[in-house]
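Novice: Dropping in final_9.csv, with CSV, C-alpha atoms and all ligand atoms.
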```
chain,number,residue,atom,x,y,z
A,29,MET,CA,-5.0,7.0,-25.0
A,30,ASN,CA,-2.9,10.1,-25.7
A,31,LYS,CA,-0.9,9.7,-28.9
A,32,GLU,CA,2.3,10.9,-27.2
A,33,VAL,CA,2.0,8.3,-24.5
A,34,ARG,CA,1.4,5.6,-27.2
A,35,GLU,CA,4.4,6.8,-29.2
A,36,ARG,CA,6.5,6.8,-26.0
A,37,SER,CA,5.7,3.1,-25.8
A,38,PRO,CA,9.0,1.6,-24.7
A,39,LEU,CA,10.3,-1.6,-26.2
A,40,TYR,CA,9.3,-3.4,-23.0
A,41,ARG,CA,6.6,-3.0,-20.5
A,42,ALA,CA,6.2,-4.3,-16.9
A,43,VAL,CA,3.2,-6.6,-16.9
A,44,ILE,CA,1.5,-7.9,-13.8
A,45,ALA,CA,1.8,-11.7,-14.3
A,46,GLY,CA,0.8,-12.8,-10.8
A,47,TYR,CA,-0.8,-11.5,-7.6
A,48,GLY,CA,-1.5,-12.8,-4.1
A,49,SER,CA,-2.2,-11.7,-0.6
A,50,PHE,CA,-2.1,-13.0,2.9
A,51,ALA,CA,-3.6,-11.9,6.2
A,52,PRO,CA,-3.2,-13.4,9.7
A,53,GLU,CA,-6.0,-15.5,10.8
A,54,LYS,CA,-6.6,-13.7,14.1
A,55,LYS,CA,-9.1,-10.8,13.8
A,56,LEU,CA,-9.9,-7.8,16.1
A,57,THR,CA,-13.4,-6.5,15.7
A,58,ASN,CA,-14.7,-3.1,16.6
A,59,GLU,CA,-16.8,-4.7,19.3
A,60,GLU,CA,-13.7,-6.2,20.8
A,61,LEU,CA,-11.9,-2.8,20.6
A,62,ALA,CA,-14.8,-1.2,22.4
A,63,LYS,CA,-14.1,-3.4,25.4
A,64,MET,CA,-10.4,-2.2,25.4
A,65,ILE,CA,-10.9,1.6,24.9
A,66,ASP,CA,-13.6,4.3,25.0
A,67,THR,CA,-15.0,3.8,21.5
A,68,SER,CA,-17.9,2.0,19.8
A,69,ASP,CA,-18.6,0.1,16.6
A,70,GLU,CA,-20.9,2.9,15.5
A,71,TRP,CA,-18.2,5.6,15.8
A,72,ILE,CA,-15.5,3.6,14.0
A,73,THR,CA,-17.8,2.5,11.2
A,74,ASP,CA,-19.2,6.0,10.7
A,75,ARG,CA,-15.8,7.7,10.7
A,76,THR,CA,-13.7,5.2,8.9
A,77,GLY,CA,-15.7,2.3,7.4
A,78,ILE,CA,-13.6,-0.2,9.3
A,79,LYS,CA,-15.4,-3.2,10.9
A,80,THR,CA,-12.5,-5.5,11.8
A,81,ARG,CA,-8.8,-5.9,11.1
A,82,HIS,CA,-6.4,-8.9,11.0
A,83,ILE,CA,-3.7,-9.0,13.7
A,84,THR,CA,-0.5,-11.0,13.9
A,85,THR,CA,0.3,-13.3,16.7
A,86,ASP,CA,3.8,-12.9,18.4
A,87,SER,CA,5.3,-15.5,16.2
A,88,GLU,CA,4.0,-14.0,12.9
A,89,SER,CA,6.5,-11.5,11.5
A,90,THR,CA,6.5,-9.2,8.5
A,91,ALA,CA,8.8,-11.5,6.5
A,92,PHE,CA,6.4,-14.4,7.2
A,93,LEU,CA,3.4,-12.5,5.9
A,94,ALA,CA,5.4,-11.2,2.9
A,95,THR,CA,6.6,-14.7,2.0
A,96,GLU,CA,3.1,-16.2,2.1
A,97,ALA,CA,1.7,-13.4,-0.2
A,98,ALA,CA,4.7,-13.9,-2.5
A,99,LYS,CA,4.2,-17.6,-2.8
A,100,LYS,CA,0.7,-17.0,-4.1
A,101,ALA,CA,1.8,-14.4,-6.6
A,102,LEU,CA,4.6,-16.6,-7.9
A,103,ALA,CA,2.1,-19.6,-8.3
A,104,GLU,CA,-0.3,-17.4,-10.2
A,105,ALA,CA,2.5,-16.2,-12.5
A,106,HIS,CA,3.8,-19.8,-12.9
A,107,LEU,CA,7.3,-18.5,-12.0
A,108,ASP,CA,9.9,-20.3,-10.1
A,109,ALA,CA,11.4,-18.2,-7.3
A,110,GLY,CA,14.9,-19.1,-8.6
A,111,GLU,CA,14.1,-17.1,-11.7
A,112,LEU,CA,13.4,-13.8,-9.9
A,113,ASP,CA,15.8,-10.9,-10.7
A,114,LEU,CA,14.6,-8.5,-8.0
A,115,ILE,CA,12.6,-8.5,-4.8
A,116,ILE,CA,11.3,-5.2,-3.2
A,117,VAL,CA,9.5,-5.3,0.1
A,118,ALA,CA,7.7,-2.0,0.9
A,119,THR,CA,7.3,-1.8,4.6
A,120,ILE,CA,7.5,0.5,7.7
A,121,THR,CA,7.4,-2.5,10.0
A,122,PRO,CA,10.5,-4.4,8.9
A,123,GLU,CA,11.7,-7.7,10.2
A,124,MET,CA,14.6,-6.0,12.1
A,125,VAL,CA,16.8,-2.9,11.7
A,126,PHE,CA,18.9,-4.9,9.3
A,127,PRO,CA,19.2,-6.9,7.2
A,128,SER,CA,16.2,-6.0,5.1
A,129,THR,CA,12.9,-7.8,5.3
A,130,ALA,CA,13.5,-8.6,1.6
A,131,SER,CA,16.6,-10.6,2.5
A,132,PHE,CA,14.5,-12.9,4.6
A,133,VAL,CA,11.9,-13.2,1.9
A,134,GLN,CA,14.7,-14.1,-0.6
A,135,ARG,CA,15.9,-16.8,1.8
A,136,ASN,CA,12.4,-18.1,2.5
A,137,LEU,CA,11.6,-18.4,-1.2
A,138,GLY,CA,15.1,-19.6,-2.3
A,139,ALA,CA,15.3,-16.8,-4.8
A,140,LYS,CA,19.0,-17.2,-5.2
A,141,LYS,CA,19.4,-15.0,-8.3
A,142,ALA,CA,17.5,-11.9,-7.0
A,143,TRP,CA,19.0,-8.7,-5.6
A,144,VAL,CA,16.8,-7.4,-2.9
A,145,PHE,CA,15.9,-4.3,-0.8
A,146,ASP,CA,13.3,-2.7,1.4
A,147,LEU,CA,11.5,0.4,0.5
A,148,ALA,CA,10.3,2.8,3.3
A,149,ALA,CA,7.7,5.1,1.8
A,150,ALA,CA,5.0,4.1,4.2
A,151,CYS,CA,1.5,3.7,2.6
A,152,SER,CA,2.9,4.8,-0.8
A,153,GLY,CA,5.7,2.1,-0.7
A,154,PHE,CA,4.0,-0.4,-3.0
A,155,VAL,CA,3.1,2.3,-5.6
A,156,TYR,CA,6.7,3.6,-5.4
A,157,GLY,CA,7.9,0.0,-5.8
A,158,LEU,CA,6.0,-0.5,-9.0
A,159,SER,CA,7.3,2.7,-10.4
A,160,ILE,CA,10.9,1.6,-9.7
A,161,VAL,CA,10.4,-1.8,-11.3
A,162,GLN,CA,8.7,-0.1,-14.3
A,163,GLN,CA,12.0,1.8,-15.0
A,164,PHE,CA,14.2,-1.3,-14.6
A,165,ILE,CA,12.0,-3.4,-16.9
A,166,GLU,CA,11.5,-0.7,-19.5
A,167,SER,CA,15.3,-0.2,-19.7
A,168,GLY,CA,15.8,-3.9,-20.3
A,169,ARG,CA,17.9,-4.2,-17.2
A,170,ILE,CA,15.7,-7.0,-15.6
A,171,LYS,CA,13.2,-9.4,-16.9
A,172,ASN,CA,11.0,-9.8,-13.8
A,173,ALA,CA,10.5,-8.6,-10.2
A,174,LEU,CA,8.5,-9.3,-7.1
A,175,VAL,CA,7.0,-6.3,-5.3
A,176,ILE,CA,5.5,-6.9,-1.9
A,177,GLY,CA,3.8,-4.6,0.5
A,178,ALA,CA,3.9,-6.2,4.0
A,179,GLU,CA,3.1,-4.7,7.4
A,180,THR,CA,2.7,-5.7,11.0
A,181,LEU,CA,1.4,-2.3,12.2
A,182,SER,CA,-0.2,-3.9,15.3
A,183,LYS,CA,3.3,-4.2,16.7
A,184,ILE,CA,3.8,-0.4,16.7
A,185,THR,CA,0.2,0.5,17.6
A,186,ASN,CA,-0.5,2.2,20.9
A,187,TRP,CA,-3.5,0.1,22.0
A,188,SER,CA,-4.5,2.7,24.5
A,189,ASP,CA,-4.7,5.6,22.0
A,190,ARG,CA,-8.3,5.5,20.6
A,191,THR,CA,-7.5,8.1,17.9
A,192,SER,CA,-5.1,5.8,16.2
A,193,CYS,CA,-5.5,2.2,17.3
A,194,ILE,CA,-8.8,1.7,15.6
A,195,LEU,CA,-7.3,2.4,12.2
A,196,PHE,CA,-4.6,-0.2,11.6
A,197,GLY,CA,-4.2,-3.8,10.7
A,198,ASP,CA,-1.7,-6.4,9.5
A,199,GLY,CA,-1.3,-8.1,6.2
A,200,ALA,CA,0.7,-8.5,2.9
A,201,GLY,CA,0.1,-8.3,-0.8
A,202,ALA,CA,2.4,-9.1,-3.7
A,203,VAL,CA,2.6,-8.9,-7.4
A,204,VAL,CA,5.1,-10.5,-9.9
A,205,LEU,CA,6.0,-8.2,-12.8
A,206,GLU,CA,7.4,-9.5,-16.0
A,207,LYS,CA,9.0,-8.0,-19.1
A,208,SER,CA,6.6,-8.0,-22.1
A,209,GLU,CA,7.2,-6.9,-25.6
A,210,ASP,CA,3.5,-6.2,-26.2
A,211,GLY,CA,3.6,-2.4,-26.0
A,212,ARG,CA,0.0,-2.1,-24.9
A,213,LYS,CA,-0.3,-4.1,-21.6
A,214,GLY,CA,1.5,-3.3,-18.4
A,215,ILE,CA,2.4,-0.2,-16.3
A,216,ILE,CA,1.8,2.7,-18.6
A,217,TYR,CA,2.6,5.6,-16.3
A,218,SER,CA,3.6,6.3,-12.7
A,219,ASN,CA,4.0,9.4,-10.6
A,220,MET,CA,5.5,9.9,-7.2
A,221,PHE,CA,5.5,12.9,-4.8
A,222,SER,CA,6.7,13.7,-1.3
A,223,ASP,CA,6.7,16.5,1.2
A,224,GLY,CA,9.1,16.1,4.2
A,225,ASP,CA,7.9,19.3,5.8
A,226,CYS,CA,4.8,17.4,7.0
A,227,TRP,CA,6.7,14.5,8.6
A,228,GLN,CA,5.1,15.1,12.0
A,229,ALA,CA,1.7,14.4,10.7
A,230,LEU,CA,2.4,10.6,10.8
A,231,ASN,CA,5.5,9.1,12.5
A,232,CYS,CA,7.0,6.5,14.7
A,233,GLN,CA,10.2,8.0,16.2
A,234,ALA,CA,11.9,5.2,18.3
A,235,TYR,CA,14.4,3.6,17.8
A,236,GLY,CA,16.2,5.3,15.0
A,237,SER,CA,19.4,7.4,15.2
A,238,ARG,CA,17.5,10.4,16.7
A,239,HIS,CA,16.2,8.2,19.5
A,240,PRO,CA,18.6,5.3,19.8
A,241,ALA,CA,17.8,2.2,21.8
A,242,ASN,CA,20.7,2.9,24.2
A,243,LYS,CA,19.1,6.2,25.4
A,244,LYS,CA,16.0,6.3,27.7
A,245,LEU,CA,13.1,7.8,25.8
A,246,GLU,CA,11.8,11.1,27.4
A,247,ASP,CA,8.3,10.0,26.1
A,248,PRO,CA,7.9,6.2,26.2
A,249,LYS,CA,5.0,6.6,23.7
A,250,LYS,CA,7.5,7.3,21.0
A,251,ILE,CA,7.8,3.6,20.3
A,252,TYR,CA,4.3,3.8,18.8
A,253,MET,CA,2.8,5.4,15.7
A,254,GLU,CA,1.5,8.9,16.2
A,255,ILE,CA,-1.0,10.5,13.8
A,256,LYS,CA,-2.5,13.9,13.4
A,257,GLY,CA,-5.8,12.5,12.0
A,258,ARG,CA,-7.5,15.7,10.9
A,259,GLU,CA,-4.3,17.0,9.2
A,260,VAL,CA,-3.7,13.7,7.4
A,261,TYR,CA,-7.4,13.5,6.3
A,262,GLN,CA,-7.3,16.8,4.5
A,263,GLN,CA,-4.0,16.2,2.8
A,264,ALA,CA,-5.0,12.7,1.8
A,265,VAL,CA,-8.1,13.8,-0.1
A,266,ARG,CA,-6.2,16.6,-1.9
A,267,ARG,CA,-3.2,14.4,-2.8
A,268,ILE,CA,-5.2,11.5,-4.1
A,269,VAL,CA,-7.1,13.8,-6.3
A,270,GLU,CA,-3.9,15.4,-7.5
A,271,ALA,CA,-2.1,12.1,-8.3
A,272,VAL,CA,-5.1,10.6,-10.2
A,273,THR,CA,-5.7,13.8,-12.1
A,274,ASP,CA,-2.0,13.9,-13.2
A,275,CYS,CA,-2.4,10.3,-14.4
A,276,LEU,CA,-5.5,11.1,-16.5
A,277,GLU,CA,-3.9,14.3,-17.9
A,278,HIS,CA,-0.6,12.7,-18.7
A,279,CYS,CA,-2.1,9.6,-20.4
A,280,GLY,CA,-4.9,11.5,-22.2
A,281,LEU,CA,-7.5,9.4,-20.4
A,282,SER,CA,-10.9,10.3,-19.0
A,283,ILE,CA,-12.7,8.7,-16.1
A,284,ASP,CA,-14.8,6.8,-18.7
A,285,ASP,CA,-11.6,5.0,-19.9
A,286,ILE,CA,-10.8,3.8,-16.3
A,287,ASN,CA,-12.3,0.5,-15.2
A,288,MET,CA,-11.2,0.7,-11.5
A,289,VAL,CA,-9.3,2.9,-9.1
A,290,ILE,CA,-7.7,1.0,-6.3
A,291,SER,CA,-6.8,3.4,-3.6
A,292,HIS,CA,-4.7,2.9,-0.4
A,293,GLN,CA,-7.4,1.9,2.1
A,294,MET,CA,-6.9,4.5,4.9
A,295,ASN,CA,-10.4,5.6,5.6
A,296,ALA,CA,-13.6,4.9,3.5
A,297,ARG,CA,-14.6,8.6,3.9
A,298,ILE,CA,-11.3,9.9,2.5
A,299,ILE,CA,-11.6,7.6,-0.5
A,300,GLU,CA,-15.3,8.5,-1.1
A,301,SER,CA,-14.5,12.2,-0.8
A,302,ALA,CA,-11.6,11.9,-3.3
A,303,ALA,CA,-13.8,9.8,-5.6
A,304,LYS,CA,-16.6,12.5,-5.5
A,305,ARG,CA,-14.1,15.2,-6.5
A,306,LEU,CA,-12.9,13.1,-9.4
A,307,ASN,CA,-16.5,12.3,-10.5
A,308,LEU,CA,-15.7,8.6,-10.1
A,309,PRO,CA,-18.9,6.4,-9.9
A,310,ASP,CA,-19.1,4.0,-7.0
A,311,GLU,CA,-18.6,0.9,-9.2
A,312,LYS,CA,-15.1,2.2,-10.2
A,313,VAL,CA,-13.9,2.5,-6.6
A,314,PHE,CA,-12.8,-0.6,-4.8
A,315,LEU,CA,-13.2,-0.7,-1.0
A,316,ASN,CA,-12.2,-3.5,1.4
A,317,ILE,CA,-11.2,-1.4,4.4
A,318,ALA,CA,-14.1,-2.9,6.4
A,319,GLU,CA,-12.3,-6.2,6.6
A,320,TYR,CA,-8.6,-5.0,6.9
A,321,GLY,CA,-8.4,-1.5,8.3
A,322,ASN,CA,-5.3,0.5,7.1
A,323,THR,CA,-2.5,-1.9,6.3
A,324,SER,CA,-0.2,0.8,4.9
A,325,ALA,CA,2.1,-0.5,2.1
A,326,ALA,CA,0.1,-3.8,2.0
A,327,SER,CA,-3.2,-2.2,1.4
A,328,VAL,CA,-3.1,-1.6,-2.4
A,329,PRO,CA,-1.8,-5.1,-3.3
A,330,ILE,CA,-4.3,-6.8,-0.9
A,331,ALA,CA,-7.2,-4.7,-2.5
A,332,PHE,CA,-5.9,-5.5,-6.0
A,333,ASN,CA,-5.7,-9.2,-5.3
A,334,GLU,CA,-9.3,-9.2,-4.0
A,335,CYS,CA,-10.6,-7.1,-6.8
A,336,VAL,CA,-9.2,-9.4,-9.4
A,337,ARG,CA,-10.3,-12.6,-7.7
A,338,SER,CA,-13.8,-11.3,-7.2
A,339,GLY,CA,-14.1,-10.6,-10.9
A,340,LYS,CA,-14.4,-6.8,-10.5
A,341,ILE,CA,-11.5,-6.3,-12.9
A,342,LYS,CA,-10.3,-8.5,-15.7
A,343,ARG,CA,-7.4,-8.7,-18.2
A,344,GLY,CA,-7.3,-5.7,-20.5
A,345,ASP,CA,-8.9,-3.3,-18.0
A,346,ILE,CA,-7.3,0.0,-17.3
A,347,ILE,CA,-6.8,0.5,-13.6
A,348,ILE,CA,-5.2,3.2,-11.4
A,349,PHE,CA,-3.4,2.4,-8.1
A,350,VAL,CA,-3.1,5.4,-5.8
A,351,ALA,CA,-1.6,5.8,-2.4
A,352,PHE,CA,-0.9,8.5,0.2
A,353,GLY,CA,1.0,8.2,3.5
A,354,ALA,CA,3.7,9.2,6.0
A,355,GLY,CA,6.6,11.3,4.7
A,356,LEU,CA,4.4,12.7,3.4
A,357,THR,CA,4.5,10.5,0.3
A,358,TRP,CA,1.9,10.0,-2.5
A,359,GLY,CA,1.8,8.6,-6.0
A,360,ALA,CA,-0.1,6.5,-8.5
A,361,ASN,CA,0.3,4.0,-11.3
A,362,VAL,CA,-1.8,3.6,-14.5
A,363,ILE,CA,-1.9,0.0,-15.6
A,364,GLU,CA,-3.4,-1.8,-18.5
A,365,PHE,CA,-4.0,-5.1,-16.8
A,401,LIG,O1,-2.7,6.1,5.7
A,401,LIG,C1,-2.6,7.3,6.3
A,401,LIG,C2,-2.9,7.2,7.7
A,401,LIG,N1,-4.2,7.4,8.0
A,401,LIG,C3,-4.6,8.4,8.9
A,401,LIG,O2,-3.8,9.0,9.4
A,401,LIG,C4,-6.0,8.6,9.1
A,401,LIG,C5,-6.5,9.9,8.6
A,401,LIG,N2,-7.5,10.4,9.5
A,401,LIG,C6,-8.7,9.8,9.8
A,401,LIG,O3,-9.0,8.8,9.2
A,401,LIG,C7,-9.6,10.6,10.7
A,401,LIG,O4,-9.2,11.9,10.9
A,401,LIG,C8,-9.8,9.8,12.0
A,401,LIG,C9,-10.7,8.5,11.8
A,401,LIG,C10,-8.5,9.4,12.6
A,401,LIG,C11,-10.6,10.7,13.0
A,401,LIG,O5,-11.9,11.0,12.5
A,401,LIG,P1,-12.3,12.6,12.5
A,401,LIG,O6,-13.7,12.6,11.9
A,401,LIG,O7,-11.2,13.4,11.9
A,401,LIG,O8,-12.5,12.8,14.1
A,401,LIG,P2,-11.7,13.8,15.0
A,401,LIG,O9,-10.3,13.5,15.1
A,401,LIG,O10,-12.0,15.2,14.5
A,401,LIG,O11,-12.4,13.6,16.4
A,401,LIG,C12,-13.8,13.8,16.6
A,401,LIG,C13,-14.2,13.4,18.0
A,401,LIG,C14,-13.3,13.9,19.1
A,401,LIG,O12,-14.0,14.3,20.2
A,401,LIG,P3,-14.4,15.8,20.5
A,401,LIG,O13,-13.1,16.5,20.7
A,401,LIG,O14,-15.2,16.2,19.4
A,401,LIG,O15,-15.2,15.7,21.8
A,401,LIG,C15,-12.4,12.7,19.4
A,401,LIG,O16,-11.9,12.8,20.8
A,401,LIG,O17,-14.1,12.0,18.1
A,401,LIG,C16,-13.3,11.6,19.3
A,401,LIG,N3,-12.7,10.3,19.0
A,401,LIG,C17,-13.3,9.1,19.2
A,401,LIG,N4,-14.5,8.8,19.7
A,401,LIG,C18,-14.8,7.5,19.8
A,401,LIG,C19,-11.5,10.1,18.4
A,401,LIG,N5,-11.2,8.8,18.3
A,401,LIG,C20,-12.3,8.2,18.8
A,401,LIG,C21,-12.7,6.8,18.9
A,401,LIG,N6,-13.9,6.5,19.4
A,401,LIG,N7,-11.9,5.8,18.5
```
Show how you would write the structure in this file as structure tokens.
Ligand code: UT7
Specialist:
Amino acid sequence: MNKEVRERSPLYRAVIAGYGSFAPEKKLTNEELAKMIDTSDEWITDRTGIKTRHITTDSESTAFLATEAAKKALAEAHLDAGELDLIIVATITPEMVFPSTASFVQRNLGAKKAWVFDLAAACSGFVYGLSIVQQFIESGRIKNALVIGAETLSKITNWSDRTSCILFGDGAGAVVLEKSEDGRKGIIYSNMFSDGDCWQALNCQAYGSRHPANKKLEDPKKIYMEIKGREVYQQAVRRIVEAVTDCLEHCGLSIDDINMVISHQMNARIIESAAKRLNLPDEKVFLNIAEYGNTSAASVPIAFNECVRSGKIKRGDIIIFVAFGAGLTWGANVIEF
């Protein structure tokens, strides 16, 4: 690793002490979707790599999914919720307008000491969250934090729009980060980017202050997610390559030094295309989109959890998390696990 990065080694690092994920039991397969709209398993599989997705029932909310994932991460870290300093929930499908989803998670876990907030950076929310915690831990301000990505995208999906409804699913993933004085392990570097000029590429417009609930919507479809698939596709490949390249350059690492890249799972073709440009071999790219679809902020922590539990990464490995989504937003973290 780059000497400068080593020498910058702060007194403390944010180490991933626990991880967990949760997905609703109910699934919606491509075959089932093909009975609802004009599509086919073949089209969805070829264009996206998705085979099925998990979908919440009416009684399963974002805070519920987040809490279940958090409990697993806390158990893995052997940390009592009462000891938590900070809880961040990255989501674009919050429990309600306010209070934050994180407030409900705090209540559910009994994390009395923690200060909490939601982070709305869409698919990049979890990666942004890790970057924020990195700063607070490195400065010595906190000794631990819980970062959760949790989404119930099925609740803002237009199930009659075949260009978008095939893509999304529900779920949650969480990590517990702890302060460590071992300068080597932990989050080594993070980058974050955004471009508000492209907000129209991916959005859900109702019911914010521009389209408040007390005014009739001119277009009733504004309660659902809208995506400009082609535009997002091209930007996503470019931005993922940009974020990972910046990580490698900043840390003085090569692809050979990286054990695994865990990308936001938005489309297998986007990830494969970015991997090709980065000269990343297949075995260093984790894909679980076939089972989950795109779960926005939840996708990186769900993938990370599965990657560790399946033995594809182990303690000491150097991994990169990378995400891209609405905003537009994108970013990455380099972690010595
Ligand atoms: O996390 C960030 C959020 N993720 C995204 O926004 C997704 C990014 N974009 C994508 O993943 C891809 O652009 C899609 C999967 C959404 C679409 O794939 P594509 O290869 O870009 O297809 P396309 O939009 O260019 O459409 C090709 C054709 C069109 O028909 P014509 O005009 O060629 O006759 C579409 O009408 O495929 C048609 N099509 C479908 N056909 C069957 C669009 N959706 C479907 C569908 N089933 N579900």
Novice: Give me the range 246-311 of chain A side of the contact with range 237-240 of chain A, cut-off 12 Å, one line per residue showing its nearest atom pair and distance in Å at one decimal, counting only C-alpha atoms, sorted by chain and residue number, as a Markdown table.
Specialist:
```
| residue | atom | partner | partner_atom | distance |
| --- | --- | --- | --- | --- |
| A:Glu246 | CA | A:His239 | CA | 9.5 |
| A:Asp247 | CA | A:His239 | CA | 10.5 |
| A:Pro248 | CA | A:His239 | CA | 10.9 |
| A:Lys250 | CA | A:His239 | CA | 8.9 |
| A:Ile251 | CA | A:His239 | CA | 9.6 |
```
Novice: Atoms to include: C-alpha atoms. Write the selected residues as a PDB file, keeping the file's coordinate frame.
Specialist:
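So again.pdb came out as:
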```pdb
ATOM      1  CA  GLU A 246      11.800  11.100  27.400  1.00  0.00           C
ATOM      2  CA  ASP A 247       8.300  10.000  26.100  1.00  0.00           C
ATOM      3  CA  PRO A 248       7.900   6.200  26.200  1.00  0.00           C
ATOM      4  CA  LYS A 250       7.500   7.300  21.000  1.00  0.00           C
ATOM      5  CA  ILE A 251       7.800   3.600  20.300  1.00  0.00           C
TER       6      ILE A 251
END
```
Novice: What is the CA of Gly199 in chain A to atom O12 of ligand LIG 401 (chain A) distance in Å?
Specialist: 29.3 Å
Novice: Measuring between only C-alpha atoms and all ligand atoms, which one of A:Phe352, A:Phe314, A:Tyr235, A:Phe365 shows the shortest distance to ligand LIG 401 (chain A)?
Specialist: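 So, comparing all the options, the nearest one is A:Phe352.
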Novice: Within 9 Å of Thr80 in chain A, counting only C-alpha atoms, which residues qualify if same-chain residues fewer than 5 places away don't, as an MDAnalysis selection string?
Specialist: chainID A and resid 55:59 194 197 317:321
Novice: Grab me every residue within 6 Å of ligand LIG 401 (chain A), counting only C-alpha atoms and all ligand atoms, and send it over as a PyMOL selection string.
Specialist: chain A and resi 67+71+75-76+151+190-191+194+255+257-258+260-261+294-295+324+353
